[in-house]
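> Here it is, the structure in full.
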Amino acid sequence: MGDTSPPKFPLKLLRWFCKPDYHSDIEGDLLELFDRRVEAVGMKKAKWLLLKDVLLLFRPGIIRSIQLGFPKNMTTMLKHNLRLSWRLLNKQRTYTAINIFGLTLSMIIAMFVMLWVQNEKSYDQFHKNINNIYKVLGHYSFGEEIITGTSVTYPLAEVLQENYSEVDKLVLTSNETTRVLQHEEIKARENGLFAGAEFFEIFSWDLLKGNKSEVLLEPSTVVLSTTLAEKYFGAEWSAKEIIGQTIQIGEVENYRITGVFADLPNNSSLQFDFVLSIDGYLRNRNYTDWNNSSFQLYLLLKNQVDAAGLSAAIKNIQNQHIQGFTSKLFLHPYKDIHLRSNFENGVLTISREEYYIRGFSIVALLIIFISSINFTNLAIARSMQRAKEIGIRKIVGAKRIALAGQFLSEYILLVVLAFILSVVLLPFLLPFFNSLIEKQIALTDFSYKNFLAFAGIGLATALLAGVYPALFLSSIKIMRGLKSFFRTDKRAILLRNGLVVFQLIISTLLILGSITVYRQLKYIQSKDLGLDREQVLFIRLEGALRNNYEAFKNEILKSPSIKSATSTSQNPLNISSTTHSFSWPGIDRTPDDYIHVITVDHDFLNVMDIELHAGRNFEKDRVSDTLKYLINERLLKYSGFKDPIGQQITIWKGSVGEVVGVVKDFHMLDFYSAIKPTLIRLQPEETRWFFMRTEKKSLQEAINHVETVYKDFNPNSPFEYRFLDESFNNTYRNEQVVSRLALCFTIFALIISCLGLIGLVTLAGEQRLKEVSLRKILGASPAKIMILLSRDLVRLVFIAFSLAVPFSILLLREWLNQFSYRVNLDFAVFALAGACLFLMTLFSISWYTFRVAKTNPVQSLRLE
Amino acid sequence: MEQYKIGEFEELVLLTVGVLHGRAYGVSIKDEIEQRLGRQVSVGALQITLRRLEKKGMLKSFHGESSQPRRGRPKLFFTITPYGKRAIEYTHQTRNELWNALPQFVLNL
């Protein structure tokens with residue numbers, strides 16, 4: 001007869017769930033049946049039947065009541081554990097302080113990043129209809145490139161309204177724009193937009209006065225924000241009859257106020273202080289045909305409409321009406337406008353903001369990791385001291401699970417303390433973080449969900465950090481624990497070293513990251529742009545200034561504080577206007593090629609300090625210069641002209657001009673983009689911005705002078721000026737935020753890692769005090785002893801550093817590749833980071849090793 | 001009047017325990033029911049019914065000695081308590097009364 005022993009698993013299962021009282025005889029029945037069945041139907045079937053029987057026994061009358069490993073005296077044990085933990089923590093103050101400080105710091109960072117992420121995600125979500133609001137966008141092909149734009153034509157709205165029943169409501173708006181508002185004596189430039197009648201119905205702007213469906217219905221009506229209402233009508237505006245009053249907008253037009261809305265929340269991606277009825281935008285302009293894309297179009301779809309299907313249906317509407325136009329229209333959910341509306345070559349890609357948010361979420365997570373590692377490591381390192389305690393506890397009958405519970409309660413107590421501290425400290429640190437990321441995250445945005453998430457962070461930290469040491473410590477064998485020479489398990493040491501290395505790798509990555517971001521930013525700020533952005537002041541040319549341009553310019557130039565002045569169609573650091581329509585005799589191009597065009601006044605090169613590569617500048621006394629062009633080196637290279645001077649270039653289907661000179665390349669786009677072929681044309685009448693180069697020492701004088709002249713010419717507009725370098729820096733705001741945040745987080749991470757190292761070396765020192773004393777007696781020098789104590793850790797630093805370098809090269813390359821112009825990752829950076837890490841390690845461990853090396857050996861040996 | 005809440009299967013088990021008189025334990029009860037009624041009884045269903053009846057006070061149990069065929073596990077024998085006896089008597093009687101009340105022609109249908 002073969003092996004007739006019953007299978008183990010079903011019986012184990014039964015033992016696990018069955019009430020202990022019932023177990024033995026039920027098992028007996030099962031076994032008796034089993035043996036009988038083996039003979040009757042064979043082993044295999046008997047096994048199956050046994051399993052089936054056991055599974056059928058799994059029912060309420062048989063299953064034992066749920067009983068975790070906790071003993072009946074749970075509350076007593078809990079009290080005992082807490083009291084014990086408290087005493088231990090109190091006794092080992094350095095250890096406690098290191099842990100709590102590190103945990104608090106990392107939790108604060110995590111909480112803050114969470115608030116930040118939440119803030120970014122909350123954008124626009126306050127609209128009631130958010131899930132049904134879509135914005136019409138279009139992909140436009142420019143040669144190889146597909147550019148995604150938001151501007152659509154006016155008649156498109158009519159077509160959608162009439163032919164597509166899926167559309168419930170729609171609204172056309174202008175771009176956000178600025179206008180001068182005036183009521184009685186008060187006059188200022190404000191931000192707002194023009195919008196169609198259903199603007200307040202589709203979006204949930206909080207309308208305090210006026211009727212949602214009527215405020216923008218009639219022509220020449222305006223809705224103001226409370227801020228503006230207060231500004232123009234006094235603090236008691238709500239008591240006054242503000243509805244029906246008129247306010248002057250622009251130079252001549254009067255608008256009737258039909259409503260007041262509460263100031264927009266910060267987390268709205270549309271930002272405006274007033275809304276004008278759209279007729280004001282259409283007046284005197286032929287915007288209403290298919291040739292002009294200057295509107296933003298928002299749709300409110302009916303419930304359960306398939307937006308993707310509608311997207312496909314409307315794709316070609318504009319192309320049908322405009323000849324030679326290839327745009328692909330589509331609907332983009334408005335809820336995604338803030339974070340997920342970055343298109344590259346027609347494909348939705350992750351936006352820079354989201355990229356950075358994700359990056360910092362990961363960093364926050366890593367910082368939590370670092371502090372958890374400290375926690376785990378210190379706990380393992382202390383196992384030597386606690387081995388005896390554990391041994392004795394086990395002898396008097398403590399079960400492993402009770403011991404693990406005791407240790408866990410100690411760790412949880414620590415985490416709870418840190419958690420409370422970080423919740424208390426967060427409000428105080430929030431303004432600092434807000435200034436880092438240039439946002440206004442308020443604690444009023446705080447909800448119970450946040451609190452739950454915070455608690456989640458805390459609990460996750462506790463478990464992450466506490467579970468291993470609790471299990472490890474409780475597993476110590478009685479005899480090993482009681483022996484006088486307890487040595488920590490090799491595996492635990494290996495784990496500890498691994499964790500330290502991991503921690504140092506993260507620190508190194510952060511150091512390298514923040515150095516690189518910083519260097520790239522410095523590079524952007526210090527790279528020769530090809531033009532001089534310092535000392536350049538600019539204002540908007542509008543109204544009376546535009547009309548009396550020459551006189552204004554002459555007046556401005558009268559002050560010695562102004563070196564030179566010019567005007568342009570766009571900011572020369574962001575020449576975004578492009579054209580496909582260009583040609584010259586013998587041109588070799590594809591129809592998709594395009595060049596950038598900027599229109600300027602004389603003196604453009606002088607004000608901007610752009611150098612000539614060949615030929616001459618525009619000259620004032622030559623009247624015919626209005627049909628002359630300057631080109632940049634890229635355009636020269638692209639054109640392949642042997643002798644560029646005198647070449648005829650036609651742009652915009654008919655505007656023929658002669659190239660008189662070639663300028664050296666300057667950065668006419670941001671650093672993410674390469675310098676592109678650019679044509680500079682002279683046409684002072686078509687410029688919109690007025691640029692002045694001031695004398696270095698008399699900047700204030702220059703500003704005062706400009707303001708006086710401005711007021712003379714254009715008393716109706718408020719005077720506002722900006723600096724070219726300031727507008728340049730604003731382009732890289734994201735990068736500045738990243739740089740600051742990276743630096744801040746790196747410092748935090750370094751502090752936490754240092755604390756960990758200090759903790760480790762302190763414990764190692766305490767444990768080796770006798771050894772150190774003996775060595776000293778035998779003649780070891782303090783230096784030797786310091787080396788002895790720090791050798792292990794320093795070795796770990798080296799390992800970590802050499803592992804971190806290849807990683808960081810991969811990561812940083814990817815970040816840098818976004819920029820067309822970037823710094824290299826050179827050796828010096830790594831050397832600097834290495835030195836940084838090494839010094840940090842030495843600094844944090846040497847103060848302790850030094851103290852140990854200096855102790856009098858007698859003190860520690862005397863007690864033996 | 002006393003109420004005996006007792007299900008069909010419970011009644012079967014009670015009766016079988018009585019039939020087996022002193023030899024009633026898990027496997028023998030199971031065999032008996034299967035033989036007499038020709039229906040499959042799972043250990044789970046039987047055990048839970050036995051325990052429920054014991055809890056209701058209709059059965060009581062005692063451990064027999066451990067024996068070889070059960071790999072050393074003891075048998076748990078069940079006997080009917082007086083209360084259990086009353087319960088089956090009651091059900092028997094009520095069934096009879098119902099049976100007797102049944103008009104003859106219904107059976108002849």
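Residues are named by chain letter and number: chains run A, B, ... in the order of the structure tokens, numbers start at 1 in each chain, and ligands are numbered from 1 in the order shown.
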Counting only C-alpha atoms, which residues from chain B have an atom at most 7 Å from any atom of chain A, and could you show them as a ChimeraX atom specification?
/B:26-27,42-44,48,69-70,73-76
> Tell me which protein, DNA and RNA residues are within 8 Å of range 822-831 of chain A, counting only C-alpha atoms, leaving out same-chain ones fewer than 3 positions away, and put them as a list in words.
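Non-adjacent residues within range: Leu512, Ile515, Thr516, Arg519, Gln520, Tyr523, Ile524, Phe671, Val805, Ile809, Arg813, Leu816, Asn817, Phe819, Gly834 and Ala835 of chain A.
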> Please, could you write that set of residues out with all heavy atoms as a CSV table (one decimal), in the first residue's frame?

```csv
chain,number,residue,atom,x,y,z
A,512,LEU,N,23.4,66.9,-7.5
A,512,LEU,CA,23.8,67.1,-8.9
A,512,LEU,C,22.6,67.8,-9.7
A,512,LEU,O,22.9,68.6,-10.5
A,512,LEU,CB,24.0,65.7,-9.6
A,512,LEU,CG,25.4,65.1,-9.3
A,512,LEU,CD1,25.4,63.7,-9.7
A,512,LEU,CD2,26.5,65.9,-10.0
A,515,ILE,N,22.5,71.5,-8.8
A,515,ILE,CA,23.7,72.2,-9.4
A,515,ILE,C,23.4,72.4,-10.9
A,515,ILE,O,23.6,73.5,-11.4
A,515,ILE,CB,25.0,71.4,-9.2
A,515,ILE,CG1,25.4,71.4,-7.7
A,515,ILE,CG2,26.1,72.1,-10.0
A,515,ILE,CD1,26.7,70.6,-7.5
A,516,THR,N,22.9,71.4,-11.5
A,516,THR,CA,22.7,71.5,-13.0
A,516,THR,C,21.6,72.5,-13.3
A,516,THR,O,21.8,73.3,-14.2
A,516,THR,CB,22.3,70.1,-13.6
A,516,THR,OG1,23.3,69.2,-13.1
A,516,THR,CG2,22.3,70.2,-15.1
A,519,ARG,N,23.0,75.8,-12.8
A,519,ARG,CA,24.0,76.2,-13.8
A,519,ARG,C,23.3,76.6,-15.1
A,519,ARG,O,23.6,77.5,-15.8
A,519,ARG,CB,25.0,75.1,-14.1
A,519,ARG,CG,26.1,75.0,-13.1
A,519,ARG,CD,27.1,74.0,-13.4
A,519,ARG,NE,27.8,74.3,-14.6
A,519,ARG,CZ,28.1,73.4,-15.6
A,519,ARG,NH1,27.7,72.2,-15.5
A,519,ARG,NH2,28.8,73.8,-16.6
A,520,GLN,N,22.2,75.8,-15.5
A,520,GLN,CA,21.5,76.1,-16.7
A,520,GLN,C,20.9,77.5,-16.6
A,520,GLN,O,20.9,78.3,-17.5
A,520,GLN,CB,20.4,75.0,-16.9
A,520,GLN,CG,19.5,75.3,-18.1
A,520,GLN,CD,20.2,75.2,-19.4
A,520,GLN,OE1,21.3,74.7,-19.6
A,520,GLN,NE2,19.6,75.8,-20.5
A,523,TYR,N,23.4,80.0,-16.9
A,523,TYR,CA,23.8,80.0,-18.3
A,523,TYR,C,22.8,80.9,-19.1
A,523,TYR,O,23.2,81.7,-19.9
A,523,TYR,CB,23.9,78.6,-18.9
A,523,TYR,CG,24.1,78.5,-20.4
A,523,TYR,CD1,25.3,78.6,-20.9
A,523,TYR,CD2,23.0,78.2,-21.2
A,523,TYR,CE1,25.5,78.5,-22.3
A,523,TYR,CE2,23.1,78.1,-22.5
A,523,TYR,CZ,24.4,78.2,-23.1
A,523,TYR,OH,24.6,78.1,-24.5
A,524,ILE,N,21.6,80.6,-18.9
A,524,ILE,CA,20.5,81.4,-19.6
A,524,ILE,C,20.7,82.9,-19.3
A,524,ILE,O,20.6,83.7,-20.2
A,524,ILE,CB,19.1,80.9,-19.2
A,524,ILE,CG1,18.8,79.6,-19.7
A,524,ILE,CG2,18.1,81.9,-19.7
A,524,ILE,CD1,17.5,78.9,-19.2
A,671,PHE,N,15.2,79.8,-24.9
A,671,PHE,CA,16.3,78.9,-25.0
A,671,PHE,C,15.8,77.4,-25.3
A,671,PHE,O,16.7,76.6,-25.6
A,671,PHE,CB,17.1,78.9,-23.7
A,671,PHE,CG,18.2,80.0,-23.7
A,671,PHE,CD1,17.8,81.3,-23.9
A,671,PHE,CD2,19.5,79.7,-23.5
A,671,PHE,CE1,18.7,82.3,-23.9
A,671,PHE,CE2,20.4,80.7,-23.5
A,671,PHE,CZ,20.0,82.0,-23.7
A,805,VAL,N,26.4,58.6,-10.2
A,805,VAL,CA,26.8,59.4,-11.3
A,805,VAL,C,26.2,58.9,-12.6
A,805,VAL,O,25.5,59.7,-13.3
A,805,VAL,CB,28.3,59.4,-11.4
A,805,VAL,CG1,28.8,59.9,-12.8
A,805,VAL,CG2,28.9,60.3,-10.3
A,809,ILE,N,23.5,61.2,-14.9
A,809,ILE,CA,23.8,61.6,-16.2
A,809,ILE,C,22.6,61.4,-17.1
A,809,ILE,O,22.1,62.2,-17.9
A,809,ILE,CB,25.0,60.8,-16.8
A,809,ILE,CG1,26.3,61.3,-16.1
A,809,ILE,CG2,25.2,61.1,-18.3
A,809,ILE,CD1,27.5,60.7,-16.5
A,813,ARG,N,20.5,64.6,-18.5
A,813,ARG,CA,20.6,64.8,-19.9
A,813,ARG,C,19.2,65.0,-20.4
A,813,ARG,O,18.9,65.8,-21.3
A,813,ARG,CB,21.1,63.5,-20.6
A,813,ARG,CG,22.5,63.7,-20.9
A,813,ARG,CD,22.9,63.1,-22.3
A,813,ARG,NE,24.3,63.1,-22.2
A,813,ARG,CZ,25.1,62.0,-22.2
A,813,ARG,NH1,24.5,60.9,-22.4
A,813,ARG,NH2,26.4,62.1,-22.1
A,816,LEU,N,18.0,68.5,-19.7
A,816,LEU,CA,18.8,69.5,-20.4
A,816,LEU,C,18.4,69.4,-21.9
A,816,LEU,O,18.4,70.5,-22.6
A,816,LEU,CB,20.3,69.3,-20.3
A,816,LEU,CG,20.9,69.8,-19.0
A,816,LEU,CD1,22.3,69.4,-18.9
A,816,LEU,CD2,20.7,71.3,-18.8
A,817,ASN,N,18.0,68.3,-22.4
A,817,ASN,CA,17.7,68.2,-23.8
A,817,ASN,C,16.5,69.0,-24.2
A,817,ASN,O,16.2,69.2,-25.4
A,817,ASN,CB,17.4,66.7,-24.2
A,817,ASN,CG,18.8,66.0,-24.5
A,817,ASN,OD1,19.8,66.7,-24.6
A,817,ASN,ND2,18.7,64.7,-24.5
A,819,PHE,N,16.3,72.0,-23.7
A,819,PHE,CA,16.8,73.3,-24.2
A,819,PHE,C,17.6,73.1,-25.4
A,819,PHE,O,18.4,72.2,-25.5
A,819,PHE,CB,17.7,73.9,-23.1
A,819,PHE,CG,17.0,74.2,-21.8
A,819,PHE,CD1,16.9,73.3,-20.8
A,819,PHE,CD2,16.4,75.5,-21.7
A,819,PHE,CE1,16.2,73.6,-19.6
A,819,PHE,CE2,15.7,75.8,-20.5
A,819,PHE,CZ,15.6,74.8,-19.5
A,834,GLY,N,30.7,65.6,-5.7
A,834,GLY,CA,31.4,64.6,-4.9
A,834,GLY,C,32.0,65.2,-3.7
A,834,GLY,O,31.9,64.7,-2.6
A,835,ALA,N,32.6,66.4,-3.9
A,835,ALA,CA,33.3,67.1,-2.8
A,835,ALA,C,32.2,67.4,-1.8
A,835,ALA,O,32.5,67.3,-0.6
A,835,ALA,CB,34.0,68.3,-3.3
```
> Go through range 508-723 of chain A and collect every residue that DSSP, computed from the backbone, puts in strand (DSSP E or B); the answer should be as a VMD selection string.
chain A and resid 536 to 540 562 to 568 578 to 579 582 to 583 595 to 600 612 to 615 628 to 632 648 to 651 655 to 663 678 to 682 689 to 694 722 to 723
> Could you tell me which of B:Arg95, B:His63, B:Arg51, B:Lys85 comes closest to Leu15 in chain B if we count only C-alpha atoms?
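Distance minimum relative to Leu15 in chain B lands on B:Lys85.
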> What separation in Å, quoted to one decimal, exists between CA of Met668 in chain A and CA of Asp609 in chain A?
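We find that CA of Met668 in chain A and CA of Asp609 in chain A lie 13.5 Å from each other.
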> Mind checking which residues fall within 12 Å of Pro718 in chain A, counting only C-alpha atoms, ignoring those fewer than 6 positions away in the same chain, and posting them as a list in words?
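Everything that qualifies: Thr178, Arg179, Val180, Leu181, Gln182, Ile186, Lys187, Ala188, Arg189, Glu190, Gly250, Glu251, Ile539, Arg540, Glu542, Gly543, Glu707, Thr708, Tyr710, Lys711 and Asp712 of chain A.
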> Go ahead and compute the interatomic distance for CA of Thr153 in chain A and CA of Arg283 in chain A, in Å to one decimal.
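Separating CA of Thr153 in chain A from CA of Arg283 in chain A is a distance of 15.6 Å.
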> Restricting the calculation to only C-alpha atoms: of B:Leu98, B:Leu59, B:Leu46, B:Glu8, which residue gets closest to Arg86 in chain B?
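Of the candidates, the smallest distance to Arg86 in chain B is held by B:Leu59.
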> Would you list the contacts of range 32-37 of chain B as a PDB file with C-alpha atoms, in the first residue's frame, taking every protein, DNA or RNA residue within 12 Å and counting only C-alpha atoms, but skipping same-chain residues closer than 4 positions in sequence?

```
ATOM      1  CA  PHE B   9     -32.860  18.560   8.025  1.00  0.00           C
ATOM      2  CA  GLU B  10     -32.641  19.092  11.758  1.00  0.00           C
ATOM      3  CA  GLU B  11     -35.532  16.716  12.215  1.00  0.00           C
ATOM      4  CA  LEU B  12     -33.790  14.129  10.047  1.00  0.00           C
ATOM      5  CA  VAL B  13     -30.625  14.452  12.058  1.00  0.00           C
ATOM      6  CA  LEU B  14     -32.457  14.203  15.340  1.00  0.00           C
ATOM      7  CA  LEU B  15     -34.282  11.110  14.250  1.00  0.00           C
ATOM      8  CA  THR B  16     -31.102   9.518  12.908  1.00  0.00           C
ATOM      9  CA  VAL B  17     -29.298  10.167  16.161  1.00  0.00           C
ATOM     10  CA  GLY B  18     -32.133   8.409  17.860  1.00  0.00           C
ATOM     11  CA  VAL B  19     -32.030   5.540  15.429  1.00  0.00           C
ATOM     12  CA  LEU B  20     -28.325   5.048  15.925  1.00  0.00           C
ATOM     13  CA  HIS B  21     -28.850   5.103  19.685  1.00  0.00           C
ATOM     14  CA  ARG B  23     -23.448   4.952  18.149  1.00  0.00           C
ATOM     15  CA  ALA B  24     -24.248   8.323  16.680  1.00  0.00           C
ATOM     16  CA  TYR B  25     -21.189  10.344  15.689  1.00  0.00           C
ATOM     17  CA  GLY B  26     -20.375  12.388  12.561  1.00  0.00           C
ATOM     18  CA  VAL B  27     -19.558   9.648  10.091  1.00  0.00           C
ATOM     19  CA  SER B  28     -22.192   7.136  11.254  1.00  0.00           C
ATOM     20  CA  VAL B  41     -24.882  14.858   3.119  1.00  0.00           C
ATOM     21  CA  SER B  42     -21.818  17.053   3.371  1.00  0.00           C
ATOM     22  CA  VAL B  43     -19.735  17.041   6.515  1.00  0.00           C
ATOM     23  CA  LEU B  46     -24.146  17.837   9.116  1.00  0.00           C
TER      24      LEU B  46
END
```
> Report as number ranges by chain all protein, DNA and RNA residues lying within 8 Å of Leu408 in chain A, evaluated on only C-alpha atoms, omitting residues in the same chain fewer than 4 positions from it.
A: 404, 412, 466-467, 470
> Residues at most 9 Å from Ile350 in chain A, counting only C-alpha atoms, excluding those fewer than 5 positions away in the same chain, as JSON, numbers by chain?
{"A": [339, 340, 341, 342, 343, 355]}
> What does the distance between CA of Ile751 in chain A and CA of Leu803 in chain A come to in Å, to one decimal place?
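Between these atoms lies a distance of 20.9 Å.
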> Using only C-alpha atoms, which residues sit within 12 Å of Glu230 in chain A once same-chain residues fewer than 5 positions away are excluded, as a ChimeraX atom specification?
/A:183,186,224-225,235-240,242,260-263,273
> Restricting the output to N, CA and C atoms, write the selected residues as a PDB file, in the first residue's frame.

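And here is the file that came out, selection-v3.pdb:
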```pdb
ATOM      1  N   HIS A 183     -13.780 105.945 -14.608  1.00  0.00           N
ATOM      2  CA  HIS A 183     -15.060 106.398 -14.074  1.00  0.00           C
ATOM      3  C   HIS A 183     -14.768 107.608 -13.213  1.00  0.00           C
ATOM      4  N   ILE A 186     -11.223 108.231 -11.462  1.00  0.00           N
ATOM      5  CA  ILE A 186     -10.372 107.044 -11.347  1.00  0.00           C
ATOM      6  C   ILE A 186     -10.159 106.405 -12.705  1.00  0.00           C
ATOM      7  N   LEU A 224     -18.302  93.714 -13.931  1.00  0.00           N
ATOM      8  CA  LEU A 224     -17.051  94.001 -13.219  1.00  0.00           C
ATOM      9  C   LEU A 224     -16.833  93.009 -12.085  1.00  0.00           C
ATOM     10  N   SER A 225     -15.581  92.854 -11.704  1.00  0.00           N
ATOM     11  CA  SER A 225     -15.292  92.070 -10.508  1.00  0.00           C
ATOM     12  C   SER A 225     -15.516  92.943  -9.290  1.00  0.00           C
ATOM     13  N   ALA A 235     -15.961 101.681  -1.554  1.00  0.00           N
ATOM     14  CA  ALA A 235     -16.140 100.471  -0.774  1.00  0.00           C
ATOM     15  C   ALA A 235     -17.606 100.107  -0.601  1.00  0.00           C
ATOM     16  N   GLU A 236     -18.480 101.130  -0.671  1.00  0.00           N
ATOM     17  CA  GLU A 236     -19.904 100.840  -0.451  1.00  0.00           C
ATOM     18  C   GLU A 236     -20.631 100.641  -1.777  1.00  0.00           C
ATOM     19  N   TRP A 237     -19.918 100.120  -2.738  1.00  0.00           N
ATOM     20  CA  TRP A 237     -20.542  99.989  -4.065  1.00  0.00           C
ATOM     21  C   TRP A 237     -21.825  99.182  -4.027  1.00  0.00           C
ATOM     22  N   SER A 238     -21.863  98.220  -3.132  1.00  0.00           N
ATOM     23  CA  SER A 238     -23.025  97.334  -3.144  1.00  0.00           C
ATOM     24  C   SER A 238     -24.279  98.062  -2.657  1.00  0.00           C
ATOM     25  N   ALA A 239     -24.050  99.122  -1.858  1.00  0.00           N
ATOM     26  CA  ALA A 239     -25.199  99.885  -1.389  1.00  0.00           C
ATOM     27  C   ALA A 239     -25.712 100.807  -2.499  1.00  0.00           C
ATOM     28  N   LYS A 240     -24.767 101.235  -3.346  1.00  0.00           N
ATOM     29  CA  LYS A 240     -25.174 102.139  -4.423  1.00  0.00           C
ATOM     30  C   LYS A 240     -25.847 101.354  -5.535  1.00  0.00           C
ATOM     31  N   ILE A 242     -25.323 100.297  -8.594  1.00  0.00           N
ATOM     32  CA  ILE A 242     -24.210 100.219  -9.537  1.00  0.00           C
ATOM     33  C   ILE A 242     -24.691  99.719 -10.902  1.00  0.00           C
ATOM     34  N   VAL A 260     -22.030  92.370 -11.340  1.00  0.00           N
ATOM     35  CA  VAL A 260     -20.774  92.320 -10.599  1.00  0.00           C
ATOM     36  C   VAL A 260     -20.534  90.867 -10.208  1.00  0.00           C
ATOM     37  N   PHE A 261     -19.317  90.373 -10.468  1.00  0.00           N
ATOM     38  CA  PHE A 261     -19.016  89.001 -10.051  1.00  0.00           C
ATOM     39  C   PHE A 261     -17.944  88.994  -8.978  1.00  0.00           C
ATOM     40  N   ALA A 262     -17.969  87.975  -8.149  1.00  0.00           N
ATOM     41  CA  ALA A 262     -16.949  87.852  -7.098  1.00  0.00           C
ATOM     42  C   ALA A 262     -15.594  87.632  -7.758  1.00  0.00           C
ATOM     43  N   ASP A 263     -14.538  88.157  -7.155  1.00  0.00           N
ATOM     44  CA  ASP A 263     -13.197  87.974  -7.723  1.00  0.00           C
ATOM     45  C   ASP A 263     -12.948  86.507  -7.994  1.00  0.00           C
ATOM     46  N   ASP A 273     -10.742  90.737 -14.844  1.00  0.00           N
ATOM     47  CA  ASP A 273     -11.418  91.560 -13.849  1.00  0.00           C
ATOM     48  C   ASP A 273     -12.684  92.186 -14.393  1.00  0.00           C
TER      49      ASP A 273
END
```
> Looking at only C-alpha atoms, which of A:Lys45, A:His321, A:Lys776, A:Arg87 is the one that sits closest to Asp289 in chain A?
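The closest residue to Asp289 in chain A is A:His321.
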